[in-house]
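> Below: one structure in structure tokens.
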Amino acid sequence: MIGPPDPISNLRPVAYHVPRNEHEIEKEFRVRREEVQKWNETFWTKHNKSFIKERKEFIAANLPPNESAGTGKQTLTADEMSVFYKTFLDKNWKVHVQYNAEWYWKNIGLVIFALRVKIFKIKQRLMSDSQ
Amino acid sequence: MMYIVLSSVWKAQYKFPRFGQAFCTAILNYSNKVSSPTSAASTSTSVVAKPPDSTVLKSRSFEITTKLQPGITVTSDTFTPRSSPKHRLVAEDKQWHELRTDYSKLIQHYFMLSKIRLTCLVVMTTMAGYALAPEPLSLTTFVLCSVGTGLVSCAANSINQFFEVPFDSQMARTKNRVLVRGFLTPLHALTFAAACSVMGLSALYWGVNGLTAALGATNLVLYTLVYTPMKRISILNTWVGAVVGAIPPLMGWAGCAGTLESGAWILPGILYAWQFPHFNALSWNLRPDYSRAGYRMMSVTNPDLCRQTALRYTGALLVLSCLAPVLEVTTWLFAVGSIPLNAYFMYLAWQFHQYSDSGTSRRLFHFSLIHLPVLMVMMLLTKKQRSPTSNRNDADEVSPNRCLQIEETSLICSK
């Protein structure tokens, strides 16, 4: 089952059904997928939280003083915000490069595993058909 | 990039009058109660992935999706005016769905996976490249070249989506993609990509020629293994992406002529140069999303460079258009006729350079959608008549229907 996107991490949680006669290989695949999902959730929740926090701090630090009176502007212009966007992106460059490499590795690993499980299931079905 | 092109054009046409929208919303609310979530989700998939184009909506929607309000799942679609299929999607988005491949919607999912509109645009540029080549048109190679390129493009887009699932989830523009929503498994998507690439490259190799197949394979690798990861590493990805966009017309020319002479590089050069004002203008309004999702684009990291390259490459477009008759691809009529078009493009790029707000960027982007098709049509209409041999007659007349003539001799252009 796949659910609605998480409000912070924006990722959709997936709940994997455990069949009654789950084979070892299927179990390992399910566990792996759950691990990768959890790892992704952790990363993006942390990343997005820091984005929200830093964005708030930037806006608070840069709004003109008459904002507190309620008559001034509530948000910054796109050009003013672009300074924040640049600093945030640059600050997290290394984090993203590392995440990227790990994600590609995990994703490819998962798809290879999925192929193994698929081949196993096909073999199983062929063997049970021939009996 | 060009997928964004088409989706914005589509969105501009997809405007309901107020009455129609209210009516649709009423129908929608009723249908929500009676229809199952999954079927409604899949029917609205095709209309979902079209983001609002305005900066105001984007900044507002961005704020909502990042608010710390547990239990409330909000999408940017909530704030999009007048679009009842999106209202339907918002309602379903709050529910859990079974992860099951809906085979009745398979073709639709494949279209979404392969970014079919972008693929069609790519095939059109290939056809233009083919039509511009001096050799006679052979129907079999023309069709196989187009179909082969289309299939390779489908494969490339599928692999790209396979790699980008967590990033696509973060951005409003891409969060309703097929793999993000779980309509297909990653293995299914990759199998589809593998099948398309094998079929496409085979069609190119055996149906056209080895050069076209080699260019197709290079483009596939460049897009999936260089451009896609590079988007998160360096702003140079824009230059790589521009090359990816320029190769299809080169493939078209190679498919017809079998070789790449100097004239072959004009249309690819034009496409390469066009990408910069097009993409830089578009990405200007997507800076919040790119920053949060970790995409390194000039508009975020180096806004000055962003403005300058947009302007610079409109100048390059002007130069290339004037070079076309020199390299005997078109007549001088093209150079003269394209000057007003390119000059206006440069003017808009200049405005963007000076003022760089959402208005100037949007005007530049929208004009780029008109500029390229018009330029391509002009090139085809003013194509220089040449014999296939090395005898070049400079006094050839312009024939508007030249590109539509089909020679009886087929297989001239095959390997």
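Here, A, B, ... name the chains of the structure tokens in the order displayed, residue numbers run from 1 inside each chain, and ligands are numbered from 1 in the same displayed order.
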Near Asn107 of chain A, counting only C-alpha atoms, which residues have an atom at most 9 Å away, once you skip same-chain residues fewer than 4 positions from it, shown as a PyMOL selection string?
(chain A and resi 36+102-103+111-112) or (chain B and resi 162-163+186)
> Mind running chain A against chain B at 9 Å and telling me each contacting residue's nearest atom pair with the distance in Å (one decimal), counting only C-alpha atoms, chain and number ascending, as JSON lines?

{"residue": "A:Met1", "atom": "CA", "partner": "B:Glu98", "partner_atom": "CA", "distance": 4.3}
{"residue": "A:Ile2", "atom": "CA", "partner": "B:His97", "partner_atom": "CA", "distance": 5.3}
{"residue": "A:Gly3", "atom": "CA", "partner": "B:Trp96", "partner_atom": "CA", "distance": 4.2}
{"residue": "A:Pro4", "atom": "CA", "partner": "B:Lys94", "partner_atom": "CA", "distance": 5.2}
{"residue": "A:Pro5", "atom": "CA", "partner": "B:Thr73", "partner_atom": "CA", "distance": 6.9}
{"residue": "A:Asp6", "atom": "CA", "partner": "B:Thr73", "partner_atom": "CA", "distance": 6.9}
{"residue": "A:Pro7", "atom": "CA", "partner": "B:Thr73", "partner_atom": "CA", "distance": 5.7}
{"residue": "A:Ile8", "atom": "CA", "partner": "B:Thr66", "partner_atom": "CA", "distance": 5.9}
{"residue": "A:Ser9", "atom": "CA", "partner": "B:Gln170", "partner_atom": "CA", "distance": 7.7}
{"residue": "A:Asn10", "atom": "CA", "partner": "B:Gln170", "partner_atom": "CA", "distance": 5.7}
{"residue": "A:Leu11", "atom": "CA", "partner": "B:Ser169", "partner_atom": "CA", "distance": 5.9}
{"residue": "A:Arg12", "atom": "CA", "partner": "B:Val180", "partner_atom": "CA", "distance": 7.5}
{"residue": "A:Val14", "atom": "CA", "partner": "B:Leu99", "partner_atom": "CA", "distance": 8.4}
{"residue": "A:Tyr16", "atom": "CA", "partner": "B:Leu99", "partner_atom": "CA", "distance": 8.9}
{"residue": "A:Asn40", "atom": "CA", "partner": "B:Pro166", "partner_atom": "CA", "distance": 7.8}
{"residue": "A:Trp44", "atom": "CA", "partner": "B:Pro166", "partner_atom": "CA", "distance": 8.6}
{"residue": "A:His47", "atom": "CA", "partner": "B:Arg292", "partner_atom": "CA", "distance": 8.4}
{"residue": "A:Asn48", "atom": "CA", "partner": "B:Arg292", "partner_atom": "CA", "distance": 7.2}
{"residue": "A:Lys49", "atom": "CA", "partner": "B:Thr66", "partner_atom": "CA", "distance": 8.2}
{"residue": "A:Phe51", "atom": "CA", "partner": "B:Arg292", "partner_atom": "CA", "distance": 6.9}
{"residue": "A:Ile52", "atom": "CA", "partner": "B:Thr66", "partner_atom": "CA", "distance": 6.8}
{"residue": "A:Ala78", "atom": "CA", "partner": "B:Asp357", "partner_atom": "CA", "distance": 8.1}
{"residue": "A:Asp79", "atom": "CA", "partner": "B:Asp357", "partner_atom": "CA", "distance": 8.1}
{"residue": "A:Met81", "atom": "CA", "partner": "B:Pro288", "partner_atom": "CA", "distance": 8.4}
{"residue": "A:Ser82", "atom": "CA", "partner": "B:Val300", "partner_atom": "CA", "distance": 6.6}
{"residue": "A:Val83", "atom": "CA", "partner": "B:Val300", "partner_atom": "CA", "distance": 8.3}
{"residue": "A:Tyr85", "atom": "CA", "partner": "B:Ser291", "partner_atom": "CA", "distance": 5.5}
{"residue": "A:Lys86", "atom": "CA", "partner": "B:Thr301", "partner_atom": "CA", "distance": 5.0}
{"residue": "A:Thr87", "atom": "CA", "partner": "B:Thr301", "partner_atom": "CA", "distance": 8.1}
{"residue": "A:Phe88", "atom": "CA", "partner": "B:Ser291", "partner_atom": "CA", "distance": 7.0}
{"residue": "A:Leu89", "atom": "CA", "partner": "B:Ser291", "partner_atom": "CA", "distance": 5.4}
{"residue": "A:Asp90", "atom": "CA", "partner": "B:Thr301", "partner_atom": "CA", "distance": 7.5}
{"residue": "A:Asn92", "atom": "CA", "partner": "B:Gly294", "partner_atom": "CA", "distance": 7.7}
{"residue": "A:Trp93", "atom": "CA", "partner": "B:Ile233", "partner_atom": "CA", "distance": 7.3}
{"residue": "A:Lys94", "atom": "CA", "partner": "B:Ile233", "partner_atom": "CA", "distance": 8.7}
{"residue": "A:His96", "atom": "CA", "partner": "B:Gly294", "partner_atom": "CA", "distance": 6.6}
{"residue": "A:Val97", "atom": "CA", "partner": "B:Ile233", "partner_atom": "CA", "distance": 6.3}
{"residue": "A:Asn100", "atom": "CA", "partner": "B:Pro229", "partner_atom": "CA", "distance": 7.6}
{"residue": "A:Ala101", "atom": "CA", "partner": "B:Pro229", "partner_atom": "CA", "distance": 8.8}
{"residue": "A:Trp103", "atom": "CA", "partner": "B:Phe163", "partner_atom": "CA", "distance": 8.5}
{"residue": "A:Tyr104", "atom": "CA", "partner": "B:Phe163", "partner_atom": "CA", "distance": 6.9}
{"residue": "A:Asn107", "atom": "CA", "partner": "B:Phe163", "partner_atom": "CA", "distance": 7.5}
{"residue": "A:Ile108", "atom": "CA", "partner": "B:Phe163", "partner_atom": "CA", "distance": 8.8}
{"residue": "A:Leu110", "atom": "CA", "partner": "B:Leu187", "partner_atom": "CA", "distance": 9.0}
{"residue": "A:Val111", "atom": "CA", "partner": "B:Leu187", "partner_atom": "CA", "distance": 5.7}
{"residue": "A:Ile112", "atom": "CA", "partner": "B:Leu187", "partner_atom": "CA", "distance": 8.3}
{"residue": "A:Ala114", "atom": "CA", "partner": "B:Leu187", "partner_atom": "CA", "distance": 6.6}
{"residue": "A:Leu115", "atom": "CA", "partner": "B:Leu187", "partner_atom": "CA", "distance": 7.0}
> Store the residues picked out above, limited to N, CA and C atoms, as a compact mmCIF listing (two decimals), in the first residue's frame.

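The result, written out as result.txt:
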# COMPACT_ATOMS: atom_id res chain seq x y z
N MET A 1 0.86 -1.20 0.00
CA MET A 1 0.00 0.00 0.00
C MET A 1 0.89 1.24 0.00
N ILE A 2 0.44 2.26 -0.74
CA ILE A 2 1.22 3.50 -0.78
C ILE A 2 0.35 4.63 -0.25
N GLY A 3 0.92 5.45 0.58
CA GLY A 3 0.12 6.47 1.25
C GLY A 3 0.36 7.86 0.71
N PRO A 4 -0.32 8.84 1.29
CA PRO A 4 -0.14 10.23 0.88
C PRO A 4 1.24 10.73 1.30
N PRO A 5 1.73 11.77 0.64
CA PRO A 5 3.09 12.24 0.97
C PRO A 5 3.16 12.81 2.38
N ASP A 6 4.26 12.49 3.03
CA ASP A 6 4.51 13.02 4.37
C ASP A 6 4.66 14.54 4.29
N PRO A 7 4.07 15.28 5.23
CA PRO A 7 4.12 16.75 5.12
C PRO A 7 5.51 17.35 5.21
N ILE A 8 6.44 16.65 5.89
CA ILE A 8 7.78 17.22 6.00
C ILE A 8 8.69 16.65 4.92
N SER A 9 8.77 15.33 4.85
CA SER A 9 9.74 14.75 3.92
C SER A 9 9.23 14.70 2.49
N ASN A 10 7.92 14.87 2.30
CA ASN A 10 7.29 14.82 0.97
C ASN A 10 7.37 13.46 0.30
N LEU A 11 7.88 12.47 1.02
CA LEU A 11 7.94 11.14 0.43
C LEU A 11 6.68 10.36 0.78
N ARG A 12 6.30 9.46 -0.10
CA ARG A 12 5.11 8.66 0.16
C ARG A 12 5.50 7.38 0.90
N VAL A 14 5.39 3.60 2.15
CA VAL A 14 4.88 2.37 1.54
C VAL A 14 4.82 1.30 2.63
N TYR A 16 4.47 -2.65 3.18
CA TYR A 16 4.58 -3.89 2.39
C TYR A 16 3.81 -5.01 3.05
N ASN A 40 15.69 7.09 3.49
CA ASN A 40 15.24 8.24 2.70
C ASN A 40 14.42 9.21 3.54
N TRP A 44 15.39 13.16 4.25
CA TRP A 44 14.59 14.29 3.76
C TRP A 44 13.87 15.03 4.87
N HIS A 47 16.54 17.22 6.28
CA HIS A 47 16.92 18.25 5.31
C HIS A 47 15.83 19.31 5.21
N ASN A 48 14.59 18.88 5.08
CA ASN A 48 13.50 19.83 4.90
C ASN A 48 13.26 20.65 6.17
N LYS A 49 13.44 20.00 7.33
CA LYS A 49 13.27 20.73 8.59
C LYS A 49 14.30 21.86 8.68
N PHE A 51 15.70 23.32 6.23
CA PHE A 51 15.35 24.33 5.23
C PHE A 51 14.30 25.29 5.80
N ILE A 52 13.26 24.72 6.39
CA ILE A 52 12.17 25.54 6.94
C ILE A 52 12.71 26.46 8.01
N ALA A 78 11.23 38.07 -4.24
CA ALA A 78 11.93 36.90 -4.81
C ALA A 78 13.43 37.15 -4.85
N ASP A 79 13.82 38.35 -5.20
CA ASP A 79 15.26 38.65 -5.29
C ASP A 79 15.93 38.58 -3.92
N MET A 81 14.88 36.76 -1.39
CA MET A 81 14.90 35.35 -0.99
C MET A 81 15.97 34.57 -1.74
N SER A 82 16.30 35.03 -2.95
CA SER A 82 17.25 34.25 -3.76
C SER A 82 18.61 34.18 -3.08
N VAL A 83 18.93 35.16 -2.24
CA VAL A 83 20.20 35.11 -1.50
C VAL A 83 20.19 33.91 -0.57
N TYR A 85 18.30 31.20 -0.91
CA TYR A 85 18.28 29.95 -1.68
C TYR A 85 19.68 29.57 -2.12
N LYS A 86 20.45 30.57 -2.51
CA LYS A 86 21.81 30.27 -2.96
C LYS A 86 22.65 29.75 -1.80
N THR A 87 22.60 30.43 -0.66
CA THR A 87 23.45 30.01 0.47
C THR A 87 23.05 28.63 0.95
N PHE A 88 21.74 28.36 0.96
CA PHE A 88 21.30 27.04 1.41
C PHE A 88 21.79 25.95 0.48
N LEU A 89 21.65 26.18 -0.81
CA LEU A 89 22.07 25.18 -1.80
C LEU A 89 23.57 24.94 -1.69
N ASP A 90 24.34 26.04 -1.58
CA ASP A 90 25.79 25.88 -1.51
C ASP A 90 26.21 25.17 -0.24
N ASN A 92 24.64 22.97 1.41
CA ASN A 92 24.29 21.54 1.42
C ASN A 92 24.82 20.77 0.23
N TRP A 93 25.76 21.36 -0.50
CA TRP A 93 26.26 20.71 -1.71
C TRP A 93 26.87 19.35 -1.40
N LYS A 94 27.75 19.31 -0.43
CA LYS A 94 28.44 18.06 -0.13
C LYS A 94 27.44 17.01 0.36
N HIS A 96 24.39 16.74 -0.40
CA HIS A 96 23.62 16.24 -1.54
C HIS A 96 24.43 15.30 -2.41
N VAL A 97 25.69 15.62 -2.63
CA VAL A 97 26.52 14.75 -3.46
C VAL A 97 26.64 13.37 -2.81
N ASN A 100 23.32 11.59 -3.01
CA ASN A 100 23.12 11.17 -4.39
C ASN A 100 23.82 9.85 -4.68
N ALA A 101 25.11 9.79 -4.32
CA ALA A 101 25.89 8.59 -4.59
C ALA A 101 25.28 7.38 -3.87
N TRP A 103 22.20 7.07 -2.77
CA TRP A 103 20.88 6.75 -3.30
C TRP A 103 20.99 5.96 -4.59
N TYR A 104 21.87 6.35 -5.49
CA TYR A 104 22.03 5.63 -6.76
C TYR A 104 22.44 4.19 -6.49
N ASN A 107 19.48 2.30 -4.94
CA ASN A 107 18.40 2.12 -5.90
C ASN A 107 18.72 1.01 -6.89
N ILE A 108 19.95 1.02 -7.39
CA ILE A 108 20.36 -0.01 -8.34
C ILE A 108 20.37 -1.36 -7.64
N LEU A 110 18.50 -2.30 -5.19
CA LEU A 110 17.12 -2.71 -5.00
C LEU A 110 16.54 -3.29 -6.29
N VAL A 111 16.84 -2.67 -7.39
CA VAL A 111 16.23 -3.12 -8.65
C VAL A 111 16.83 -4.46 -9.08
N ILE A 112 18.10 -4.66 -8.77
CA ILE A 112 18.72 -5.96 -9.08
C ILE A 112 18.08 -7.03 -8.22
N ALA A 114 15.09 -6.88 -6.99
CA ALA A 114 13.72 -7.07 -7.49
C ALA A 114 13.74 -8.04 -8.67
N LEU A 115 14.77 -7.94 -9.50
CA LEU A 115 14.89 -8.84 -10.65
C LEU A 115 15.10 -10.28 -10.17
> Nearest to Lys115 of chain B among B:Ser158, B:Thr238, B:Ser138, B:Thr101, with distances taken over only C-alpha atoms: which residue is it?
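Smallest separation from Lys115 of chain B among the options: B:Ser158.
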> When DSSP works through the backbone of this structure, what residues of segment 28-128 of chain A end up as alpha helix (DSSP H), shown as JSON, numbers by chain?
{"A": [28, 29, 30, 31, 32, 33, 34, 35, 36, 37, 38, 39, 40, 41, 42, 43, 44, 45, 46, 47, 48, 49, 50, 51, 52, 53, 54, 55, 56, 57, 58, 59, 60, 61, 62, 78, 79, 80, 81, 82, 83, 84, 85, 86, 87, 88, 89, 90, 91, 93, 94, 95, 96, 97, 98, 99, 100, 101, 102, 103, 104, 105, 106, 107, 108, 109, 110, 111, 112, 113, 114, 115, 116, 117, 118, 119, 120, 121, 122, 123, 124, 125, 126, 127, 128]}
> With only C-alpha atoms as the atoms that count, which of B:Gly150, B:Pro134, B:Gly337, B:Gly129 lies nearest to Leu375 of chain B?
B:Gly337
> Do a neighbour search on segment 53-60 of chain A at 8 Å with only C-alpha atoms, toss out local chain neighbours closer than 2 positions, and write the hits as an mmCIF file with C-alpha atoms, in the first residue's frame.

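Output saved as result_29.cif:
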data_model
loop_
_atom_site.group_PDB
_atom_site.id
_atom_site.type_symbol
_atom_site.label_atom_id
_atom_site.label_comp_id
_atom_site.auth_asym_id
_atom_site.auth_seq_id
_atom_site.Cartn_x
_atom_site.Cartn_y
_atom_site.Cartn_z
ATOM 1 C CA LYS A 49 13.269 20.733 8.587
ATOM 2 C CA SER A 50 16.564 22.587 8.396
ATOM 3 C CA PHE A 51 15.355 24.332 5.233
ATOM 4 C CA ASN A 62 15.888 40.512 6.896
ATOM 5 C CA LEU A 63 12.416 41.947 7.233
ATOM 6 C CA THR A 75 7.392 38.478 3.114
ATOM 7 C CA LEU A 76 10.537 39.241 1.213
ATOM 8 C CA PHE A 84 18.932 32.572 1.002
#
